[in-house]
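> What follows is the file data-v3.csv, containing CSV, C-alpha atoms and all ligand atoms:
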```csv
chain,number,residue,atom,x,y,z
C,1,MET,CA,-12.2,-18.9,10.8
C,2,GLU,CA,-11.8,-17.5,14.4
C,3,LEU,CA,-8.1,-16.6,14.3
C,4,THR,CA,-7.8,-14.9,17.6
C,5,LYS,CA,-7.6,-18.2,19.5
C,6,TYR,CA,-4.3,-18.9,17.7
C,7,ILE,CA,-2.7,-15.7,19.0
C,8,ARG,CA,-0.9,-15.8,22.4
C,9,ASP,CA,-0.3,-12.7,24.5
C,10,ILE,CA,3.1,-12.5,26.1
C,11,VAL,CA,3.2,-9.8,28.7
C,12,ASP,CA,6.3,-7.6,29.1
C,13,PHE,CA,8.1,-9.0,26.1
C,14,PRO,CA,10.6,-7.9,24.7
C,15,LYS,CA,10.4,-5.2,27.4
C,16,GLU,CA,8.2,-4.0,30.2
C,17,GLY,CA,4.8,-2.6,29.2
C,18,ILE,CA,4.6,-4.4,25.8
C,19,VAL,CA,2.1,-7.1,25.2
C,20,PHE,CA,3.7,-9.2,22.5
C,21,LYS,CA,1.3,-10.9,20.1
C,22,ASP,CA,2.8,-14.3,19.6
C,23,ILE,CA,1.9,-16.0,16.3
C,24,THR,CA,3.7,-19.3,16.9
C,25,PRO,CA,0.5,-21.1,18.0
C,26,LEU,CA,-1.0,-20.0,14.6
C,27,LEU,CA,2.1,-21.4,12.8
C,28,LYS,CA,1.5,-24.7,14.5
C,29,ALA,CA,-2.0,-25.0,12.9
C,30,PRO,CA,-1.8,-25.6,9.2
C,31,GLU,CA,-5.5,-24.8,8.8
C,32,ALA,CA,-5.0,-21.4,10.4
C,33,VAL,CA,-2.1,-20.5,8.2
C,34,ALA,CA,-4.1,-21.7,5.1
C,35,SER,CA,-7.0,-19.5,6.2
C,36,VAL,CA,-4.6,-16.4,6.5
C,37,ILE,CA,-3.2,-17.0,3.1
C,38,SER,CA,-6.6,-17.6,1.5
C,39,SER,CA,-7.9,-14.3,3.0
C,40,PHE,CA,-4.9,-12.4,1.7
C,41,GLU,CA,-5.3,-13.9,-1.8
C,42,GLU,CA,-9.0,-13.4,-1.9
C,43,LYS,CA,-8.7,-9.7,-1.0
C,44,PHE,CA,-5.9,-8.8,-3.5
C,45,LYS,CA,-6.4,-11.3,-6.3
C,46,SER,CA,-8.0,-8.6,-8.6
C,47,ALA,CA,-5.5,-5.9,-7.6
C,48,GLY,CA,-3.0,-6.7,-10.4
C,49,VAL,CA,-0.3,-7.7,-7.9
C,50,GLU,CA,3.0,-8.7,-9.6
C,51,ALA,CA,5.2,-9.3,-6.5
C,52,ILE,CA,5.0,-9.9,-2.8
C,53,VAL,CA,7.2,-7.9,-0.5
C,54,GLY,CA,7.7,-9.4,3.0
C,55,ILE,CA,9.0,-7.4,6.0
C,56,GLU,CA,11.6,-9.1,8.2
C,57,SER,CA,11.1,-11.3,9.8
C,58,ARG,CA,7.6,-12.6,10.4
C,59,GLY,CA,6.5,-11.0,7.2
C,60,PHE,CA,8.7,-13.5,5.4
C,61,ILE,CA,6.7,-16.4,6.8
C,62,PHE,CA,3.3,-15.3,5.4
C,63,GLY,CA,4.8,-13.5,2.4
C,64,ILE,CA,6.7,-16.5,0.9
C,65,VAL,CA,3.7,-18.8,1.3
C,66,LEU,CA,1.4,-16.2,-0.3
C,67,ALA,CA,3.9,-15.6,-3.2
C,68,GLN,CA,4.1,-19.4,-3.9
C,69,LYS,CA,0.3,-19.7,-3.8
C,70,MET,CA,-0.2,-16.8,-6.2
C,71,GLY,CA,2.8,-17.8,-8.4
C,72,LEU,CA,4.5,-14.5,-7.8
C,73,PRO,CA,8.1,-13.4,-6.9
C,74,PHE,CA,8.9,-12.8,-3.3
C,75,ILE,CA,11.1,-9.8,-2.3
C,76,PRO,CA,12.5,-9.4,1.3
C,77,VAL,CA,12.7,-6.1,3.1
C,78,ARG,CA,15.4,-6.4,5.8
C,79,LYS,CA,16.9,-4.6,8.7
C,80,PRO,CA,20.1,-2.6,7.9
C,81,GLY,CA,23.2,-4.5,6.8
C,82,LYS,CA,21.6,-7.8,6.0
C,83,LEU,CA,21.1,-7.6,2.2
C,84,PRO,CA,24.3,-8.3,0.3
C,85,ALA,CA,23.8,-6.4,-3.0
C,86,GLU,CA,23.3,-2.6,-3.5
C,87,THR,CA,20.4,-1.4,-1.4
C,88,VAL,CA,18.2,1.7,-0.8
C,89,SER,CA,17.0,2.4,2.8
C,90,ALA,CA,14.3,4.3,4.6
C,91,SER,CA,14.2,5.2,8.3
C,92,TYR,CA,11.3,5.6,10.7
C,93,GLU,CA,10.8,6.9,14.3
C,94,LEU,CA,10.9,4.6,17.3
C,95,GLU,CA,9.9,5.6,20.8
C,96,TYR,CA,13.6,6.4,21.4
C,97,GLY,CA,15.6,7.1,18.2
C,98,THR,CA,15.1,5.7,14.7
C,99,ASP,CA,15.4,2.4,12.9
C,100,SER,CA,15.6,1.6,9.2
C,101,VAL,CA,14.7,-1.0,6.6
C,102,GLU,CA,16.4,-1.8,3.3
C,103,ILE,CA,15.6,-3.4,-0.1
C,104,HIS,CA,17.8,-4.4,-3.0
C,105,LYS,CA,17.9,-1.6,-5.5
C,106,ASP,CA,17.2,-4.0,-8.4
C,107,ALA,CA,14.5,-6.0,-6.5
C,108,LEU,CA,11.6,-4.6,-8.5
C,109,ALA,CA,11.0,-3.1,-11.9
C,110,LYS,CA,9.7,0.4,-12.5
C,111,GLY,CA,5.9,0.4,-12.2
C,112,GLN,CA,5.7,-3.1,-10.9
C,113,LYS,CA,2.7,-3.5,-8.5
C,114,VAL,CA,3.5,-5.1,-5.1
C,115,LEU,CA,1.6,-6.3,-2.1
C,116,ILE,CA,3.4,-5.8,1.2
C,117,VAL,CA,2.9,-8.5,3.9
C,118,ASP,CA,3.7,-8.4,7.6
C,119,ASP,CA,2.4,-10.1,10.7
C,120,LEU,CA,1.4,-7.1,12.7
C,121,LEU,CA,0.5,-3.4,12.3
C,122,ALA,CA,1.4,-1.4,15.4
C,123,THR,CA,2.4,2.3,15.0
C,124,GLY,CA,2.8,1.8,11.2
C,125,GLY,CA,6.4,3.1,11.1
C,126,THR,CA,7.8,-0.1,9.6
C,127,ALA,CA,5.1,-0.4,6.9
C,128,ALA,CA,5.3,3.3,6.0
C,129,ALA,CA,9.1,3.0,5.6
C,130,THR,CA,8.5,0.0,3.4
C,131,THR,CA,6.1,1.8,1.1
C,132,GLU,CA,8.8,4.6,0.8
C,133,LEU,CA,11.4,2.0,-0.2
C,134,ILE,CA,9.2,0.5,-2.9
C,135,GLU,CA,8.3,3.9,-4.3
C,136,LYS,CA,12.0,5.0,-4.2
C,137,ILE,CA,12.9,2.3,-6.6
C,138,GLY,CA,10.0,3.2,-8.9
C,139,ALA,CA,7.5,0.4,-8.1
C,140,GLU,CA,4.0,0.8,-6.9
C,141,VAL,CA,2.1,-0.4,-3.7
C,142,ALA,CA,-1.1,-2.2,-4.6
C,143,GLY,CA,-1.9,-3.0,-0.9
C,144,ILE,CA,-0.7,-4.0,2.5
C,145,ALA,CA,-1.8,-7.2,4.3
C,146,PHE,CA,-1.4,-7.9,8.0
C,147,VAL,CA,-2.5,-10.8,10.1
C,148,ILE,CA,-3.0,-8.5,13.2
C,149,GLU,CA,-3.7,-4.8,13.7
C,150,LEU,CA,-3.3,-3.0,17.0
C,151,GLY,CA,-6.1,-0.6,16.2
C,152,PHE,CA,-5.6,1.4,19.4
C,153,LEU,CA,-2.2,2.6,18.1
C,154,ASN,CA,-3.8,4.0,15.0
C,155,GLY,CA,-1.0,2.9,12.6
C,156,ARG,CA,-3.4,3.2,9.7
C,157,ALA,CA,-3.1,7.0,10.0
C,158,LYS,CA,0.5,6.7,8.6
C,159,LEU,CA,-0.8,4.5,5.7
C,160,ASP,CA,-4.0,6.3,4.7
C,161,SER,CA,-3.4,6.4,1.0
C,162,TYR,CA,-3.1,2.6,0.8
C,163,ASP,CA,-5.5,-0.3,0.7
C,164,ILE,CA,-5.0,-2.2,4.0
C,165,LEU,CA,-6.2,-5.6,5.1
C,166,SER,CA,-5.9,-6.9,8.6
C,167,LEU,CA,-7.5,-10.1,9.8
C,168,ILE,CA,-7.6,-9.5,13.5
C,169,ASN,CA,-8.1,-6.1,15.0
C,170,TYR,CA,-7.4,-5.3,18.7
C,171,GLU,CA,-9.3,-2.1,19.2
S,201,LIG,P1,5.3,-0.7,13.9
S,201,LIG,O1,6.4,-0.2,13.0
S,201,LIG,O2,5.2,0.0,15.1
S,201,LIG,O3,3.9,-0.8,13.1
S,201,LIG,O4,5.7,-2.2,14.3
S,201,LIG,C1,5.4,-3.3,13.5
S,201,LIG,C2,6.5,-4.3,13.5
S,201,LIG,O5,6.9,-4.5,14.9
S,201,LIG,C3,6.0,-5.6,13.0
S,201,LIG,O6,7.0,-6.1,12.1
S,201,LIG,C4,5.7,-6.5,14.2
S,201,LIG,O7,6.2,-7.8,14.0
S,201,LIG,C5,6.5,-5.8,15.3
S,201,LIG,N1,5.6,-5.6,16.5
S,201,LIG,C6,5.3,-4.4,17.0
S,201,LIG,N2,4.5,-4.5,18.1
S,201,LIG,C7,4.3,-5.8,18.3
S,201,LIG,C8,3.6,-6.6,19.3
S,201,LIG,N3,2.9,-6.0,20.3
S,201,LIG,N4,3.6,-7.9,19.2
S,201,LIG,C9,4.3,-8.5,18.2
S,201,LIG,N5,5.0,-7.8,17.2
S,201,LIG,C10,5.0,-6.5,17.3
```
Take the structure in the file and give it back as structure tokens.

Amino acid sequence: MELTKYIRDIVDFPKEGIVFKDITPLLKAPEAVASVISSFEEKFKSAGVEAIVGIESRGFIFGIVLAQKMGLPFIPVRKPGKLPAETVSASYELEYGTDSVEIHKDALAKGQKVLIVDDLLATGGTAAATTELIEKIGAEVAGIAFVIELGFLNGRAKLDSYDILSLINYE
């Protein structure tokens, strides 16, 4: 399926100079969401995945649907201060300053194999910090799935030891 027609460019959002890739048209098309989920499942069905980790917030949308389809647990990775129980955190560089992500300390078992899901790979900082979280609590990353990759930002370079799938690549 041609997914690019479901992605809308919003210029200068959330700030000047950024072209925001809006996935809400895709979410309005059940056949497009189904196609995304099937592609993710197809690629990783033989990877021994035992849980799906979704990155806040658009990673939750695709992550929970995939987890339900594959009959797997869903684990949220969130921005700081949102998860109520004991957490571990990892930070990453932004253009100005740093940000961080958190996971519940007891979210995954030692050696459990997980697939990370997010809507978009840009610089790779968020996904790299998420792999760090998963490994900190003793679990293992089986792969990372994105709907969109901004290839010109070369985020893959930060994730080169992982099996990455992206369905749309803007070179
Ligand atoms: P990064 O850590 O730079 O790879 O940024 C990835 C995160 O930021 C993802 O969770 C995306 O949802 C969001 N993001 C970054 N750039 C964009 C963009 N141009 N359009 C939409 N979302 C973006």
> Work out how far atom C7 of ligand LIG 201 (chain S) is from CA of Tyr6 (chain C), in Å to one decimal.
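Distance between the two atoms: 15.7 Å.
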> Counting all atoms listed in the file, write as a list of chain:residue names all protein and nucleic acid residues lying at most 12 Å from (8.0, -15.8, 9.3) in the file's frame.
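With a cut-off of 12 Å, the residues come to C:Asp22, C:Ile23, C:Thr24, C:Leu26, C:Leu27, C:Val33, C:Gly54, C:Ile55, C:Glu56, C:Ser57, C:Arg58, C:Gly59, C:Phe60, C:Ile61, C:Phe62, C:Gly63, C:Ile64, C:Val65, C:Leu66, C:Pro76, C:Val117, C:Asp118, C:Asp119, C:Leu120, C:Val147.
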> One decimal, Å: what's the distance from CA of Gly111 (chain C) over to CA of Gly143 (chain C), could you say?
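A separation of 14.1 Å between them.
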> Quick one: which chain C residues come within 6 Å of ligand LIG 201 (chain S), and what is the nearest atom pair for each with the distance in Å to one decimal, counting all atoms listed in the file, rows ordered by chain and ascending number, as CSV?

```
residue,atom,partner,partner_atom,distance
C:Ile18,CA,S:LIG201,N3,6.0
C:Val19,CA,S:LIG201,N3,5.1
C:Phe20,CA,S:LIG201,N4,3.5
C:Lys21,CA,S:LIG201,N4,3.9
C:Asp119,CA,S:LIG201,O7,5.5
C:Leu120,CA,S:LIG201,C4,4.6
C:Leu121,CA,S:LIG201,O3,4.4
C:Ala122,CA,S:LIG201,O3,3.4
C:Thr123,CA,S:LIG201,O2,3.6
C:Gly124,CA,S:LIG201,O3,3.4
C:Gly125,CA,S:LIG201,O1,3.8
C:Thr126,CA,S:LIG201,O1,3.7
```
> What lies within 12 Å of Ser38 (chain C) using only C-alpha atoms, ignoring chain neighbours under 4 positions off, as a PyMOL selection string?
chain C and resi 1+31-34+42-45+62+65-67+69-70+145+147+167
> Could you work out how far CA of Ile52 (chain C) lies from CA of Pro84 (chain C), giving the answer in Å with one decimal?
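A separation of 19.6 Å between them.
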> Got a sec: who's within 8 Å of Ile75 (chain C), counting all atoms listed in the file, leaving out chain neighbours fewer than 2 positions off, as a list in words?
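What passes the distance filter is Ala51, Ile52, Val53, Gly54, Pro73, Val77 and Ala107 of chain C.
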> Could you turn the residues from that selection into a file that holds C-alpha atoms, as a PDB file, in the coordinates of the input?

```pdb
ATOM      1  CA  ALA C  51       5.200  -9.300  -6.500  1.00  0.00           C
ATOM      2  CA  ILE C  52       5.000  -9.900  -2.800  1.00  0.00           C
ATOM      3  CA  VAL C  53       7.200  -7.900  -0.500  1.00  0.00           C
ATOM      4  CA  GLY C  54       7.700  -9.400   3.000  1.00  0.00           C
ATOM      5  CA  PRO C  73       8.100 -13.400  -6.900  1.00  0.00           C
ATOM      6  CA  VAL C  77      12.700  -6.100   3.100  1.00  0.00           C
ATOM      7  CA  ALA C 107      14.500  -6.000  -6.500  1.00  0.00           C
TER       8      ALA C 107
END
```
> Find, counting all atoms listed in the file, the residue in C:Ser89, C:Gln68, C:Ser100, C:Ser166 that gets nearest to Ile134 (chain C).
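Of C:Ser89, C:Gln68, C:Ser100, C:Ser166, the one nearest Ile134 (chain C) is C:Ser89, counting all atoms listed in the file.
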> Which one is closest to Asp163 (chain C): C:Lys79, C:Val11, C:Val141, C:Thr87? Count only C-alpha atoms.
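Nearest to Asp163 (chain C): C:Val141.
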> Under the rule that all atoms listed in the file are counted, which of C:Gly97, C:Ala90, C:Gln112, C:Leu150 is the nearest residue to Leu133 (chain C)?
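Under the stated criterion, the closest residue is C:Ala90.
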> Nearest to Ala127 (chain C) among C:Lys105, C:Leu159, C:Asp99, C:Glu149, with distances taken over only C-alpha atoms: which residue is it?
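The closest residue to Ala127 (chain C) is C:Leu159.
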> Counting only C-alpha atoms, which residue out of C:Lys5, C:Arg78, C:Lys158, C:Lys15 sits closest to Ala29 (chain C)?
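Among the listed residues, the smallest separation from Ala29 (chain C) belongs to C:Lys5.
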> Tell me which of C:Ser46, C:Ser91, C:Thr98, C:Gly151 sits closest to Thr131 (chain C), counting only C-alpha atoms.
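Closest residue, counting only C-alpha atoms: C:Ser91.
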> Could you give me, as an mmCIF file with C-alpha atoms, keeping the file's coordinate frame, the residues that have an atom at most 9 Å away from the point (-9.7, 0.3, 18.2) in the coordinates of the file, using all atoms listed in the file?

```cif
data_model
loop_
_atom_site.group_PDB
_atom_site.id
_atom_site.type_symbol
_atom_site.label_atom_id
_atom_site.label_comp_id
_atom_site.auth_asym_id
_atom_site.auth_seq_id
_atom_site.Cartn_x
_atom_site.Cartn_y
_atom_site.Cartn_z
ATOM 1 C CA LEU C 150 -3.300 -3.000 17.000
ATOM 2 C CA GLY C 151 -6.100 -0.600 16.200
ATOM 3 C CA PHE C 152 -5.600 1.400 19.400
ATOM 4 C CA LEU C 153 -2.200 2.600 18.100
ATOM 5 C CA ASN C 154 -3.800 4.000 15.000
ATOM 6 C CA ASN C 169 -8.100 -6.100 15.000
ATOM 7 C CA TYR C 170 -7.400 -5.300 18.700
ATOM 8 C CA GLU C 171 -9.300 -2.100 19.200
#
```
